Amino acid sequence: MYCRQFIRPFSLLPIAALMLGIPQIAAAQGQNPFQGSVPTGQATGTVIDLSLKQAFELALKYNLGAVESDQSMRAAHAVRLSTLNALLPNISARVAASVQQVNFKTLGLNIHIPGVNIPIIAGPFSVGDARAYYSQELFSWSNIKNWKAASESEAAAQYTYKSDRDLVVYTTGNSYLLVISDMATVDSTRAQVDTAQTLYRNSVDQQKQGVIASIDLLRAHVEFQTQQQRLIAAQNQLAIDKLTLARVIGLPNGQEFRITDSVPYAPLGEITLEQALQQARASRPDYLSAKARVHAAGLAANAVAAENYPTVSTATDFGDIGSPNFGSSHETVDFSVSVNIPIFQGTRVRADKLQADAALQQRRAELADLEGKIDDEVRTAFLNLKSSSDLVAVSQSNIELANQTLAQAKDRFKAGVADNLEVVQAQESVASANQSNIASLYEFNLAKISLAQAMGTAEQSALQYLGVR
């Protein structure tokens with residue numbers, strides 16, 4: 001998951017995304033909603049303080065991935081209400097007043113009685129009608145199963161929303177840690193610039209005195225400018241990663257901020273691999289969502305099979321009708337109960353069964369794959385946590401050794417027993433050791449967030465794992 005050379009920590013994120021089974025974050029911002037947000041408000045014009053806790057809170061509220069997932073959950077709720085509607089009664093009312101004129105011949109009445117004048121046209125006359133209508137499908141096993149399937153799909157959407165919130169925490173934590181690493185890189189590089197500048201000034205003085213050769217002065221000058229280039233690049237990367245963090249958490253466009261948490265090295269509390277695996281299987285939202293999707297697919301398959309079952313429905317209308325007005329009206333009622341028995345529906349039901357069964361088998365395969373993926377992710381997180389912790393210890397020791405080497409090289413150069421090549425090489429070793437330490441610390445803290453996400457508790461425990469209050 002982690003590269004061992006601290007060139008660009010952000011390059012680790014796509015690898016982490018693949019390990020966690022999430023869509024790879026592409027270079028184009030619009031391709032991953034978790035790298036975007038809904039910026040809210042106006043920039044204050046001042047520099048604000050931003051803690052890691054505040055970053056999580058803002059991201060969970062404004063991150064585009066969280067916003068879209070919330071809307072998907074609402075859409076699933078709407079689907080459940082739609083399927084429930086098929087089981088509920090439909091009640092309506094109508095009040096009408098009309099003027100009618102009837103032609104008896106159009107009704108098939110053509111009566112001839114000798115000596116009697118029977119009018120062909122009746123009316124016009126007024127009719128008033130007030131009526132209530134009630135209809136309901138009393139029994140439809142297919143509709144019942146569809147409603148239960150939609151309920152399970154809604155539960156799956158709710159679990160997916162919780163899983164997406166964990167992903168928001170991971171993405172935000174990674175962005176915040178990147179800024180911390182960039183700041184440490186800037187500080188370390190600035191110190192190397194100061195050291196290289198001192199070496200260059202001393203070399204200028206010594207060259208004027210004829211103590212050292214011109215190549216030593218050139219070498220010191222090249223080293224000084226190399227460190228300046230690194231500082232410019234580090235400062236630029238810090239500014240870019242701060243913009244990325246602001247995008248992830250939804251800060252107003254152009255809002256300046258400074259981070260207030262340094263997240264130093266802090267060993268993770270006692271937690272065993274078996275405990276982590278048990279926690280992940282019991283509470284990981286994406287796993288619970290996958291189980292709910294399997295159940296929903298099974299209910300949907302049952303609903304399709306029930307399309308061949310009889311259904312029972314009722315329809316009633318009750319009203320008051322009279323002519324010329326309601327003063328001479330009388331109640332009327334029409335009540336019916338019907339049983340619909342499917343006899344032949346072509347190949348539609350068969351096709352629906354095949355489609356529903358295919359979806360069910362796909363959901364089952366996804367669940368089985370996720371079970372294996374959870375085991376792999378938790379174990380990988382533990383391995384990364386252990387290795388990155390060891391790397392932090394080794395890199396800290398390396399810094400001490402590199403500084404001792406630099407001090408001895410300076411003494412040898414000052415004493416005239418060596419040229420400044422040893423000093424330049426030792427200074428490069430110090431810079432490399434500092435960068436390795438920064439990278440190792442970043443990897444260690446990111447591994448702790450990865451473990452929290454692999455267990456399905458990132459939103460609840462990320463701050464605790466990082467040792468931030």
# chains A, B, ... in the order shown; residues from 1 in each chain; ligands from 1

call {"tool": "select_by_dssp", "arguments": {"residues": "stretch 250-409 of chain A", "states": "strand (DSSP E or B)", "output": "JSON, numbers by chain"}}
result
{"A": [257, 258, 259, 311, 312, 313, 314, 315, 316, 317, 318, 319, 320, 321, 322, 330, 331, 332, 333, 334, 335, 336, 337, 338, 339, 340]}

call {"tool": "residues_around", "arguments": {"residues": "A:Thr40", "least_positions_apart": "6", "cutoff": "10 Å", "atoms": "only C-alpha atoms", "output": "MDAnalysis selection string"}}
result
chainID A and resid 58 62 249:253

call {"tool": "write_last_selection", "arguments": {"atoms": "N, CA and C atoms", "output": "PDB file, in the first residue's frame"}}
result
ATOM      1  N   LEU A  58     -16.989  19.195   8.946  1.00  0.00           N
ATOM      2  CA  LEU A  58     -17.331  19.900   7.710  1.00  0.00           C
ATOM      3  C   LEU A  58     -17.485  18.932   6.537  1.00  0.00           C
ATOM      4  N   TYR A  62     -20.598  18.567   4.049  1.00  0.00           N
ATOM      5  CA  TYR A  62     -20.548  19.209   2.735  1.00  0.00           C
ATOM      6  C   TYR A  62     -19.835  18.393   1.657  1.00  0.00           C
ATOM      7  N   ILE A 249     -13.546  19.198   2.180  1.00  0.00           N
ATOM      8  CA  ILE A 249     -14.400  19.499   3.331  1.00  0.00           C
ATOM      9  C   ILE A 249     -15.408  20.611   3.049  1.00  0.00           C
ATOM     10  N   GLY A 250     -15.353  21.239   1.873  1.00  0.00           N
ATOM     11  CA  GLY A 250     -16.369  22.221   1.510  1.00  0.00           C
ATOM     12  C   GLY A 250     -16.173  23.597   2.085  1.00  0.00           C
ATOM     13  N   LEU A 251     -14.925  24.016   2.276  1.00  0.00           N
ATOM     14  CA  LEU A 251     -14.699  25.398   2.713  1.00  0.00           C
ATOM     15  C   LEU A 251     -15.099  26.365   1.605  1.00  0.00           C
ATOM     16  N   PRO A 252     -15.472  27.584   1.956  1.00  0.00           N
ATOM     17  CA  PRO A 252     -15.793  28.569   0.917  1.00  0.00           C
ATOM     18  C   PRO A 252     -14.611  28.774  -0.029  1.00  0.00           C
ATOM     19  N   ASN A 253     -14.898  29.039  -1.266  1.00  0.00           N
ATOM     20  CA  ASN A 253     -13.840  29.252  -2.246  1.00  0.00           C
ATOM     21  C   ASN A 253     -12.944  30.412  -1.829  1.00  0.00           C
TER      22      ASN A 253
END

call {"tool": "residues_around", "arguments": {"residues": "A:Val99", "least_positions_apart": "3", "cutoff": "9 Å", "atoms": "only C-alpha atoms", "output": "PDB file with C-alpha atoms, in the first residue's frame"}}
result
ATOM      1  CA  GLY A 123     -84.585  17.630 -21.080  1.00  0.00           C
ATOM      2  CA  PRO A 124     -82.689  19.682 -20.602  1.00  0.00           C
ATOM      3  CA  PHE A 125     -82.634  18.840 -16.886  1.00  0.00           C
ATOM      4  CA  SER A 126     -80.129  19.320 -14.095  1.00  0.00           C
ATOM      5  CA  VAL A 127     -78.353  16.509 -12.221  1.00  0.00           C
ATOM      6  CA  GLY A 128     -76.366  16.833  -9.008  1.00  0.00           C
ATOM      7  CA  PRO A 324     -82.809  18.868 -10.572  1.00  0.00           C
TER       8      PRO A 324
END

call {"tool": "residues_around", "arguments": {"residues": "A:Leu401", "least_positions_apart": "2", "cutoff": "12 Å", "atoms": "only C-alpha atoms", "output": "PyMOL selection string"}}
result
chain A and resi 394-399+403-408+426-427+429-430+432-434

call {"tool": "write_last_selection", "arguments": {"atoms": "C-alpha atoms", "output": "compact mmCIF listing (two decimals), in the first residue's frame"}}
result
# COMPACT_ATOMS: atom_id res chain seq x y z
CA VAL A 394 14.24 3.28 12.18
CA SER A 395 13.88 6.68 10.48
CA GLN A 396 14.22 8.52 13.79
CA SER A 397 17.44 6.65 14.50
CA ASN A 398 18.60 7.41 10.97
CA ILE A 399 18.14 11.15 11.56
CA ASN A 403 23.24 14.50 11.84
CA GLN A 404 26.31 12.99 13.51
CA THR A 405 27.79 12.24 10.10
CA LEU A 406 27.14 15.81 8.97
CA ALA A 407 28.77 17.24 12.08
CA GLN A 408 31.89 15.11 11.58
CA ALA A 426 26.23 14.16 4.55
CA GLN A 427 23.77 17.02 4.10
CA SER A 429 21.80 12.08 3.91
CA VAL A 430 20.24 14.32 6.55
CA SER A 432 16.85 11.98 2.99
CA ALA A 433 16.56 10.82 6.60
CA ASN A 434 14.18 13.67 7.44

call {"tool": "residues_around", "arguments": {"residues": "A:Ala66", "least_positions_apart": "6", "cutoff": "7 Å", "atoms": "only C-alpha atoms", "output": "JSON, numbers by chain"}}
result
{"A": [60, 164, 165, 168]}

call {"tool": "write_last_selection", "arguments": {"atoms": "C-alpha atoms", "output": "short mmCIF file (atom, residue, chain, number, x, y, z; two decimals), in the first residue's frame"}}
result
data_model
loop_
_atom_site.label_atom_id
_atom_site.label_comp_id
_atom_site.auth_asym_id
_atom_site.auth_seq_id
_atom_site.Cartn_x
_atom_site.Cartn_y
_atom_site.Cartn_z
CA LEU A 60 -19.46 14.88 6.69
CA ASP A 164 -19.72 6.37 2.59
CA ARG A 165 -19.38 8.52 5.71
CA VAL A 168 -15.39 10.62 3.76
#

call {"tool": "residues_around", "arguments": {"residues": "stretch 70-86 of chain A", "least_positions_apart": "5", "cutoff": "9 Å", "atoms": "only C-alpha atoms", "output": "PyMOL selection string"}}
result
chain A and resi 65+136-137+143-144+146-158+160-161

call {"tool": "residues_around", "arguments": {"residues": "A:Val263", "least_positions_apart": "3", "cutoff": "10 Å", "atoms": "only C-alpha atoms", "output": "list of chain:residue names"}}
result
A:Leu52, A:Tyr176, A:Leu177, A:Ile180, A:Thr260, A:Ala266, A:Leu441, A:Tyr442, A:Asn445, A:Leu463, A:Leu466, A:Gly467, A:Val468

call {"tool": "select_by_dssp", "arguments": {"residues": "stretch 45-123 of chain A", "states": "alpha helix (DSSP H)", "output": "PyMOL selection string"}}
result
chain A and resi 52-62+64-85

call {"tool": "closest_residue", "arguments": {"among": "A:Leu199, A:Val204, A:Ala431, A:Asp357", "to": "A:Lys410", "atoms": "only C-alpha atoms"}}
result
A:Leu199

call {"tool": "closest_residue", "arguments": {"among": "A:Ala239, A:Ile215, A:Val423, A:Val67", "to": "A:Lys162", "atoms": "only C-alpha atoms"}}
result
A:Val67

call {"tool": "decode", "arguments": {"residues": "stretch 306-412 of chain A", "atoms": "C-alpha atoms", "output": "PDB file, in the first residue's frame"}}
result
ATOM      1  CA  ALA A 306     -45.970 -14.536  -7.318  1.00  0.00           C
ATOM      2  CA  GLU A 307     -47.045 -12.814 -10.517  1.00  0.00           C
ATOM      3  CA  ASN A 308     -48.752 -16.118 -11.427  1.00  0.00           C
ATOM      4  CA  TYR A 309     -50.786 -16.114  -8.188  1.00  0.00           C
ATOM      5  CA  PRO A 310     -54.427 -14.929  -8.021  1.00  0.00           C
ATOM      6  CA  THR A 311     -55.109 -11.458  -6.678  1.00  0.00           C
ATOM      7  CA  VAL A 312     -58.170 -10.138  -4.851  1.00  0.00           C
ATOM      8  CA  SER A 313     -59.380  -6.552  -5.174  1.00  0.00           C
ATOM      9  CA  THR A 314     -62.411  -4.511  -4.242  1.00  0.00           C
ATOM     10  CA  ALA A 315     -64.018  -1.355  -5.580  1.00  0.00           C
ATOM     11  CA  THR A 316     -66.797   0.699  -3.994  1.00  0.00           C
ATOM     12  CA  ASP A 317     -68.479   3.964  -4.761  1.00  0.00           C
ATOM     13  CA  PHE A 318     -71.139   5.578  -2.606  1.00  0.00           C
ATOM     14  CA  GLY A 319     -72.892   8.825  -3.365  1.00  0.00           C
ATOM     15  CA  ASP A 320     -75.951  10.961  -3.487  1.00  0.00           C
ATOM     16  CA  ILE A 321     -77.528  11.851  -6.837  1.00  0.00           C
ATOM     17  CA  GLY A 322     -80.640  13.846  -7.663  1.00  0.00           C
ATOM     18  CA  SER A 323     -82.398  15.970 -10.250  1.00  0.00           C
ATOM     19  CA  PRO A 324     -82.809  18.868 -10.572  1.00  0.00           C
ATOM     20  CA  ASN A 325     -80.764  19.307  -7.351  1.00  0.00           C
ATOM     21  CA  PHE A 326     -79.764  17.551  -4.131  1.00  0.00           C
ATOM     22  CA  GLY A 327     -83.114  18.403  -2.581  1.00  0.00           C
ATOM     23  CA  SER A 328     -84.660  15.427  -4.398  1.00  0.00           C
ATOM     24  CA  SER A 329     -81.577  13.212  -4.277  1.00  0.00           C
ATOM     25  CA  HIS A 330     -81.159   9.661  -3.097  1.00  0.00           C
ATOM     26  CA  GLU A 331     -78.182   7.546  -2.084  1.00  0.00           C
ATOM     27  CA  THR A 332     -76.669   5.059  -4.512  1.00  0.00           C
ATOM     28  CA  VAL A 333     -73.958   2.480  -3.872  1.00  0.00           C
ATOM     29  CA  ASP A 334     -71.902   0.139  -6.006  1.00  0.00           C
ATOM     30  CA  PHE A 335     -69.755  -2.516  -4.308  1.00  0.00           C
ATOM     31  CA  SER A 336     -67.736  -5.240  -5.985  1.00  0.00           C
ATOM     32  CA  VAL A 337     -65.096  -7.822  -5.095  1.00  0.00           C
ATOM     33  CA  SER A 338     -63.112  -9.480  -7.869  1.00  0.00           C
ATOM     34  CA  VAL A 339     -60.612 -12.284  -8.086  1.00  0.00           C
ATOM     35  CA  ASN A 340     -58.097 -12.099 -10.897  1.00  0.00           C
ATOM     36  CA  ILE A 341     -56.625 -15.478 -11.906  1.00  0.00           C
ATOM     37  CA  PRO A 342     -53.717 -15.333 -14.346  1.00  0.00           C
ATOM     38  CA  ILE A 343     -54.036 -18.076 -16.939  1.00  0.00           C
ATOM     39  CA  PHE A 344     -51.554 -17.234 -19.673  1.00  0.00           C
ATOM     40  CA  GLN A 345     -49.154 -14.286 -19.616  1.00  0.00           C
ATOM     41  CA  GLY A 346     -46.807 -15.346 -22.361  1.00  0.00           C
ATOM     42  CA  THR A 347     -43.114 -15.459 -21.520  1.00  0.00           C
ATOM     43  CA  ARG A 348     -43.096 -12.257 -19.475  1.00  0.00           C
ATOM     44  CA  VAL A 349     -43.078 -13.952 -16.060  1.00  0.00           C
ATOM     45  CA  ARG A 350     -40.466 -16.453 -17.156  1.00  0.00           C
ATOM     46  CA  ALA A 351     -38.212 -13.641 -18.370  1.00  0.00           C
ATOM     47  CA  ASP A 352     -38.737 -11.742 -15.116  1.00  0.00           C
ATOM     48  CA  LYS A 353     -37.810 -14.860 -13.145  1.00  0.00           C
ATOM     49  CA  LEU A 354     -34.572 -15.323 -15.052  1.00  0.00           C
ATOM     50  CA  GLN A 355     -33.670 -11.687 -14.575  1.00  0.00           C
ATOM     51  CA  ALA A 356     -34.484 -11.721 -10.858  1.00  0.00           C
ATOM     52  CA  ASP A 357     -32.548 -14.939 -10.298  1.00  0.00           C
ATOM     53  CA  ALA A 358     -29.529 -13.528 -12.136  1.00  0.00           C
ATOM     54  CA  ALA A 359     -29.625 -10.450  -9.887  1.00  0.00           C
ATOM     55  CA  LEU A 360     -29.899 -12.673  -6.801  1.00  0.00           C
ATOM     56  CA  GLN A 361     -26.894 -14.786  -7.795  1.00  0.00           C
ATOM     57  CA  GLN A 362     -24.915 -11.635  -8.490  1.00  0.00           C
ATOM     58  CA  ARG A 363     -25.719 -10.190  -5.054  1.00  0.00           C
ATOM     59  CA  ARG A 364     -24.701 -13.489  -3.416  1.00  0.00           C
ATOM     60  CA  ALA A 365     -21.411 -13.534  -5.284  1.00  0.00           C
ATOM     61  CA  GLU A 366     -20.736  -9.932  -4.251  1.00  0.00           C
ATOM     62  CA  LEU A 367     -21.420 -10.785  -0.614  1.00  0.00           C
ATOM     63  CA  ALA A 368     -19.064 -13.777  -0.727  1.00  0.00           C
ATOM     64  CA  ASP A 369     -16.376 -11.626  -2.333  1.00  0.00           C
ATOM     65  CA  LEU A 370     -16.855  -8.908   0.286  1.00  0.00           C
ATOM     66  CA  GLU A 371     -16.405 -11.421   3.100  1.00  0.00           C
ATOM     67  CA  GLY A 372     -13.009 -12.324   1.702  1.00  0.00           C
ATOM     68  CA  LYS A 373     -12.181  -8.676   1.049  1.00  0.00           C
ATOM     69  CA  ILE A 374     -12.919  -7.697   4.634  1.00  0.00           C
ATOM     70  CA  ASP A 375     -10.535 -10.340   5.920  1.00  0.00           C
ATOM     71  CA  ASP A 376      -7.874  -9.176   3.467  1.00  0.00           C
ATOM     72  CA  GLU A 377      -8.313  -5.481   4.284  1.00  0.00           C
ATOM     73  CA  VAL A 378      -8.119  -5.940   8.045  1.00  0.00           C
ATOM     74  CA  ARG A 379      -5.034  -8.142   7.798  1.00  0.00           C
ATOM     75  CA  THR A 380      -3.397  -5.738   5.335  1.00  0.00           C
ATOM     76  CA  ALA A 381      -4.128  -2.799   7.629  1.00  0.00           C
ATOM     77  CA  PHE A 382      -2.457  -4.628  10.517  1.00  0.00           C
ATOM     78  CA  LEU A 383       0.604  -5.408   8.392  1.00  0.00           C
ATOM     79  CA  ASN A 384       0.871  -1.792   7.242  1.00  0.00           C
ATOM     80  CA  LEU A 385       0.446  -0.563  10.799  1.00  0.00           C
ATOM     81  CA  LYS A 386       3.244  -2.796  12.056  1.00  0.00           C
ATOM     82  CA  SER A 387       5.667  -2.031   9.218  1.00  0.00           C
ATOM     83  CA  SER A 388       5.058   1.733   9.283  1.00  0.00           C
ATOM     84  CA  SER A 389       5.529   1.800  13.054  1.00  0.00           C
ATOM     85  CA  ASP A 390       8.887   0.041  12.665  1.00  0.00           C
ATOM     86  CA  LEU A 391       9.804   2.468   9.878  1.00  0.00           C
ATOM     87  CA  VAL A 392       9.154   5.433  12.178  1.00  0.00           C
ATOM     88  CA  ALA A 393      11.540   4.017  14.774  1.00  0.00           C
ATOM     89  CA  VAL A 394      14.244   3.284  12.185  1.00  0.00           C
ATOM     90  CA  SER A 395      13.878   6.676  10.480  1.00  0.00           C
ATOM     91  CA  GLN A 396      14.216   8.519  13.792  1.00  0.00           C
ATOM     92  CA  SER A 397      17.439   6.648  14.498  1.00  0.00           C
ATOM     93  CA  ASN A 398      18.596   7.409  10.971  1.00  0.00           C
ATOM     94  CA  ILE A 399      18.144  11.149  11.560  1.00  0.00           C
ATOM     95  CA  GLU A 400      20.436  11.010  14.581  1.00  0.00           C
ATOM     96  CA  LEU A 401      23.104   9.104  12.665  1.00  0.00           C
ATOM     97  CA  ALA A 402      22.869  11.403   9.649  1.00  0.00           C
ATOM     98  CA  ASN A 403      23.241  14.504  11.843  1.00  0.00           C
ATOM     99  CA  GLN A 404      26.310  12.989  13.514  1.00  0.00           C
ATOM    100  CA  THR A 405      27.788  12.236  10.105  1.00  0.00           C
ATOM    101  CA  LEU A 406      27.144  15.809   8.969  1.00  0.00           C
ATOM    102  CA  ALA A 407      28.769  17.245  12.077  1.00  0.00           C
ATOM    103  CA  GLN A 408      31.893  15.109  11.578  1.00  0.00           C
ATOM    104  CA  ALA A 409      32.059  15.996   7.886  1.00  0.00           C
ATOM    105  CA  LYS A 410      31.916  19.708   8.749  1.00  0.00           C
ATOM    106  CA  ASP A 411      34.734  19.264  11.289  1.00  0.00           C
ATOM    107  CA  ARG A 412      36.904  17.422   8.753  1.00  0.00           C
TER     108      ARG A 412
END
